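Worksheet for the structure shown next.
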Amino acid sequence: MFQKSIRFLCLFCLFIFAQNGIAQNNFKFDESNYQTIIMRSKAEKKPVFLMLYATWCPHCNKMKKDVLTDTLVTNLLSKNYIYAWQDIDKPEGIMLKEKFKITSMPTFIFLDSNENELYRLNSEYKTANFVEEIKNALDSKKQLPYLENQFSKDPSNADKWLSYMNVLKKGRNRSYVSEKAHKYLETQSETQLLSETNWRIISNGVTDISSREFQFVLHHQKEFAAISSPERVYRKITNIVTELLEPYTESLDTIHYFKKREIAKTIHTQKIDSLIFTYDIAIAERTGNWSSYRKTTLESTEKFAWNNASLLKDVAKNYLQHIVDIESLKQAIKWTNHSLELNDSFDGNLLLSQLYLKIKDENSAIQFARKAKDICTGLGCNSKDIDELFIELGIK
């Protein structure tokens, strides 16, 4: 009798396990076209959970593998949503990426059957956090239409804006949030802007360098530093300049870069000028404009990179490869020597030897080649480059 009970219990457990496995295997995201998904939403009276992903996106793949297979997630989605996904590199996904103005992967959009956006998330989440967000998206008072409506009724109410902004930030890019933030900020006088709450809103919601609010911060840095801290104010100013110039640097859009650069230059601080210098030389390097690179670095390297050993060496390496003017190469030697004063290194000594060789000062080239060799031997690093230089210099 006891053995039969044990056997029955084992069979029952196997049955339950098999059923769970079947349920798990049956959980599949709908890959139908968008209009079909919306029709299902109307018919089944459920909102839509739509994931937009790319096969090349590691965050998307991790979410699909580790989070969207978790039973807590699948149970919530099965009970409450029409769940679907689309690859943004396929025709339907391309259309949806444009329709919803997707700028990062993965993006999760929650819609009602009338295609109203209820909630939006992007990036990678831990399972517990993602479960919490799915639940938030079901709460009408945490959804975007409710929060936007509450804010629209009283656009000068900081608490209502913060509630709305905190949800917007989860799925929208900074420029979109900034556009919405100005609707609140334009209700605030300059006197009112100088408050802890409004600093939080400016810090999180303003990205336009020409905006009244950012210009106000520039002219009242000490007052805002007292409200928050000097470091946070500086970080905000730096972030604004980065957001202004970095996209054009990455895309090599030199026309727009130099237009926006003029705006950034109006800030007139050493740290911002230093940041602009790094973008200037990045643009020149990536476009192969070595005359511009040479002019910019000769004018400003000692002003903005003198205490940065790594940047001094990077500039000198480009001189080694692309500059032939002897006087300019002597400046690169000066910068490399100073980088070694800041941080004596194998690659710095190797570079210095190569620069001396390029201006045909073989005695100095041999001196620093030997020093590089000693450092390399002591560190046990790959000696290929220094061995080749020894051969070129005729050192035994």
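Note on naming: chains are A, B, ... as they come in the structure tokens, residues start from 1 per chain, ligands start from 1 in the order shown.
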Run DSSP on the backbone and tell me which residues of segment 284-320 of chain A come out as helix (DSSP H, G or I); list them as a PDB file with N, CA and C atoms, in the first residue's frame.
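Dumped to result19.pdb:
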```pdb
ATOM      1  N   ALA A 284      38.264  66.024 -36.228  1.00  0.00           N
ATOM      2  CA  ALA A 284      39.382  66.149 -37.176  1.00  0.00           C
ATOM      3  C   ALA A 284      40.039  64.790 -37.438  1.00  0.00           C
ATOM      4  N   GLU A 285      40.210  64.006 -36.370  1.00  0.00           N
ATOM      5  CA  GLU A 285      40.836  62.690 -36.520  1.00  0.00           C
ATOM      6  C   GLU A 285      39.972  61.759 -37.355  1.00  0.00           C
ATOM      7  N   ARG A 286      38.672  61.707 -37.047  1.00  0.00           N
ATOM      8  CA  ARG A 286      37.791  60.760 -37.724  1.00  0.00           C
ATOM      9  C   ARG A 286      37.513  61.149 -39.168  1.00  0.00           C
ATOM     10  N   THR A 287      37.648  62.424 -39.496  1.00  0.00           N
ATOM     11  CA  THR A 287      37.476  62.847 -40.889  1.00  0.00           C
ATOM     12  C   THR A 287      38.808  62.911 -41.642  1.00  0.00           C
ATOM     13  N   TRP A 290      43.930  66.381 -41.082  1.00  0.00           N
ATOM     14  CA  TRP A 290      45.116  66.487 -40.230  1.00  0.00           C
ATOM     15  C   TRP A 290      45.658  67.906 -40.126  1.00  0.00           C
ATOM     16  N   SER A 291      45.363  68.758 -41.095  1.00  0.00           N
ATOM     17  CA  SER A 291      45.765  70.155 -40.957  1.00  0.00           C
ATOM     18  C   SER A 291      44.967  70.824 -39.842  1.00  0.00           C
ATOM     19  N   SER A 292      43.664  70.518 -39.766  1.00  0.00           N
ATOM     20  CA  SER A 292      42.832  71.048 -38.689  1.00  0.00           C
ATOM     21  C   SER A 292      43.265  70.444 -37.351  1.00  0.00           C
ATOM     22  N   TYR A 293      43.560  69.144 -37.356  1.00  0.00           N
ATOM     23  CA  TYR A 293      44.002  68.461 -36.140  1.00  0.00           C
ATOM     24  C   TYR A 293      45.287  69.111 -35.612  1.00  0.00           C
ATOM     25  N   ARG A 294      46.221  69.337 -36.519  1.00  0.00           N
ATOM     26  CA  ARG A 294      47.502  69.944 -36.130  1.00  0.00           C
ATOM     27  C   ARG A 294      47.287  71.344 -35.563  1.00  0.00           C
ATOM     28  N   LYS A 295      46.473  72.151 -36.236  1.00  0.00           N
ATOM     29  CA  LYS A 295      46.226  73.523 -35.795  1.00  0.00           C
ATOM     30  C   LYS A 295      45.590  73.533 -34.403  1.00  0.00           C
ATOM     31  N   THR A 296      44.563  72.697 -34.207  1.00  0.00           N
ATOM     32  CA  THR A 296      43.840  72.666 -32.927  1.00  0.00           C
ATOM     33  C   THR A 296      44.734  72.187 -31.795  1.00  0.00           C
ATOM     34  N   THR A 297      45.490  71.141 -32.047  1.00  0.00           N
ATOM     35  CA  THR A 297      46.331  70.585 -30.980  1.00  0.00           C
ATOM     36  C   THR A 297      47.513  71.489 -30.643  1.00  0.00           C
ATOM     37  N   LEU A 298      48.098  72.124 -31.652  1.00  0.00           N
ATOM     38  CA  LEU A 298      49.199  73.051 -31.362  1.00  0.00           C
ATOM     39  C   LEU A 298      48.712  74.231 -30.529  1.00  0.00           C
ATOM     40  N   GLU A 299      47.497  74.681 -30.789  1.00  0.00           N
ATOM     41  CA  GLU A 299      46.951  75.821 -30.059  1.00  0.00           C
ATOM     42  C   GLU A 299      46.530  75.473 -28.644  1.00  0.00           C
ATOM     43  N   SER A 300      46.009  74.235 -28.435  1.00  0.00           N
ATOM     44  CA  SER A 300      45.260  73.991 -27.195  1.00  0.00           C
ATOM     45  C   SER A 300      45.655  72.776 -26.370  1.00  0.00           C
ATOM     46  N   THR A 301      46.571  71.957 -26.842  1.00  0.00           N
ATOM     47  CA  THR A 301      46.909  70.741 -26.087  1.00  0.00           C
ATOM     48  C   THR A 301      47.412  71.066 -24.689  1.00  0.00           C
ATOM     49  N   GLU A 302      48.313  72.010 -24.574  1.00  0.00           N
ATOM     50  CA  GLU A 302      48.882  72.331 -23.255  1.00  0.00           C
ATOM     51  C   GLU A 302      47.872  73.037 -22.363  1.00  0.00           C
ATOM     52  N   LYS A 303      46.897  73.674 -22.982  1.00  0.00           N
ATOM     53  CA  LYS A 303      45.867  74.368 -22.218  1.00  0.00           C
ATOM     54  C   LYS A 303      44.845  73.389 -21.635  1.00  0.00           C
ATOM     55  N   PHE A 304      44.499  72.345 -22.421  1.00  0.00           N
ATOM     56  CA  PHE A 304      43.388  71.490 -22.020  1.00  0.00           C
ATOM     57  C   PHE A 304      43.766  70.032 -21.742  1.00  0.00           C
ATOM     58  N   ALA A 309      47.861  62.312 -19.105  1.00  0.00           N
ATOM     59  CA  ALA A 309      48.941  61.564 -19.762  1.00  0.00           C
ATOM     60  C   ALA A 309      48.436  60.753 -20.946  1.00  0.00           C
ATOM     61  N   SER A 310      47.277  60.154 -20.798  1.00  0.00           N
ATOM     62  CA  SER A 310      46.737  59.311 -21.865  1.00  0.00           C
ATOM     63  C   SER A 310      46.411  60.135 -23.111  1.00  0.00           C
ATOM     64  N   LEU A 311      45.761  61.294 -22.920  1.00  0.00           N
ATOM     65  CA  LEU A 311      45.413  62.129 -24.058  1.00  0.00           C
ATOM     66  C   LEU A 311      46.659  62.713 -24.711  1.00  0.00           C
ATOM     67  N   LEU A 312      47.659  63.093 -23.921  1.00  0.00           N
ATOM     68  CA  LEU A 312      48.913  63.602 -24.487  1.00  0.00           C
ATOM     69  C   LEU A 312      49.548  62.554 -25.407  1.00  0.00           C
ATOM     70  N   LYS A 313      49.530  61.310 -24.973  1.00  0.00           N
ATOM     71  CA  LYS A 313      50.108  60.243 -25.807  1.00  0.00           C
ATOM     72  C   LYS A 313      49.272  59.986 -27.049  1.00  0.00           C
ATOM     73  N   ASP A 314      47.949  60.051 -26.916  1.00  0.00           N
ATOM     74  CA  ASP A 314      47.076  59.831 -28.080  1.00  0.00           C
ATOM     75  C   ASP A 314      47.329  60.881 -29.159  1.00  0.00           C
ATOM     76  N   VAL A 315      47.466  62.135 -28.728  1.00  0.00           N
ATOM     77  CA  VAL A 315      47.737  63.207 -29.693  1.00  0.00           C
ATOM     78  C   VAL A 315      49.111  62.987 -30.343  1.00  0.00           C
ATOM     79  N   ALA A 316      50.096  62.649 -29.532  1.00  0.00           N
ATOM     80  CA  ALA A 316      51.454  62.437 -30.063  1.00  0.00           C
ATOM     81  C   ALA A 316      51.500  61.252 -31.032  1.00  0.00           C
ATOM     82  N   LYS A 317      50.710  60.216 -30.781  1.00  0.00           N
ATOM     83  CA  LYS A 317      50.660  59.066 -31.702  1.00  0.00           C
ATOM     84  C   LYS A 317      50.144  59.486 -33.071  1.00  0.00           C
ATOM     85  N   ASN A 318      49.147  60.366 -33.079  1.00  0.00           N
ATOM     86  CA  ASN A 318      48.645  60.850 -34.361  1.00  0.00           C
ATOM     87  C   ASN A 318      49.687  61.690 -35.081  1.00  0.00           C
ATOM     88  N   TYR A 319      50.474  62.446 -34.319  1.00  0.00           N
ATOM     89  CA  TYR A 319      51.572  63.201 -34.936  1.00  0.00           C
ATOM     90  C   TYR A 319      52.590  62.242 -35.550  1.00  0.00           C
ATOM     91  N   LEU A 320      52.896  61.172 -34.834  1.00  0.00           N
ATOM     92  CA  LEU A 320      53.852  60.180 -35.345  1.00  0.00           C
ATOM     93  C   LEU A 320      53.374  59.611 -36.679  1.00  0.00           C
TER      94      LEU A 320
END
```
Practice task
Might you pull out every residue within 9 Å of segment 256-273 of chain A, with only C-alpha atoms counted and same-chain residues fewer than 2 positions away left off, and present them as a PyMOL selection string?
Solution key: chain A and resi 209-210+218+234+237-238+240-241+244-249+252-254+275-278+283+303-304
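Atom CA of Leu76 of chain A is found 20.3 Å from atom CA of Val167 of chain A.
Excluding Lys141 of chain A itself and any same-chain residue fewer than 4 positions from it, the protein and nucleic acid residues within 12 Å of it, counting only C-alpha atoms, are Leu118, Tyr119, Lys135, Asn136, Ala137, Pro145, Tyr146, Leu147, Glu148, Asn149, Gln150, Lys160, Ser163, Tyr164 and Val167 of chain A.
The residue that comes closest to Met95 of chain A, out of A:Tyr34, A:Tyr184, A:Tyr356, A:Phe224 and on the basis of only C-alpha atoms, is A:Tyr34.
Near segment 376-380 of chain A, within 12 Å and counting only C-alpha atoms, sit Ser345, Phe346, Asp347, Gly348, Asn349, Leu350, Ala369, Arg370, Ile386 and Asp387 of chain A, not including residues fewer than 6 positions from it in the same chain.
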Problem - Contacts of segment 198-207 of chain A within 7 Å, only C-alpha atoms, excl. fewer than 6 positions in-chain, as a VMD selection string - result: chain A and resid 174 to 175 177 to 178 181 236 240
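Excluding Arg172 of chain A and any residue on its chain fewer than 6 positions from it, the residues at most 9 Å away by only C-alpha atoms are Ile102, Thr103, Arg120, Leu121 and Asn122 of chain A.
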Practice task
Write out as a ChimeraX atom specification the residues lying within 7 Å of Val48 of chain A, counting only C-alpha atoms and excluding same-chain residues fewer than 2 positions away.
Solution key: /A:41,46,50,81-83,110-112
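Shortest atom-to-atom contact with Gln35 of chain A among A:Glu196, A:Ile395, A:Ala84, A:Ser123: A:Ala84, counting only C-alpha atoms.
The interatomic distance for the pair atom CA of Leu138 of chain A and atom CA of His59 of chain A works out to 24.1 Å.
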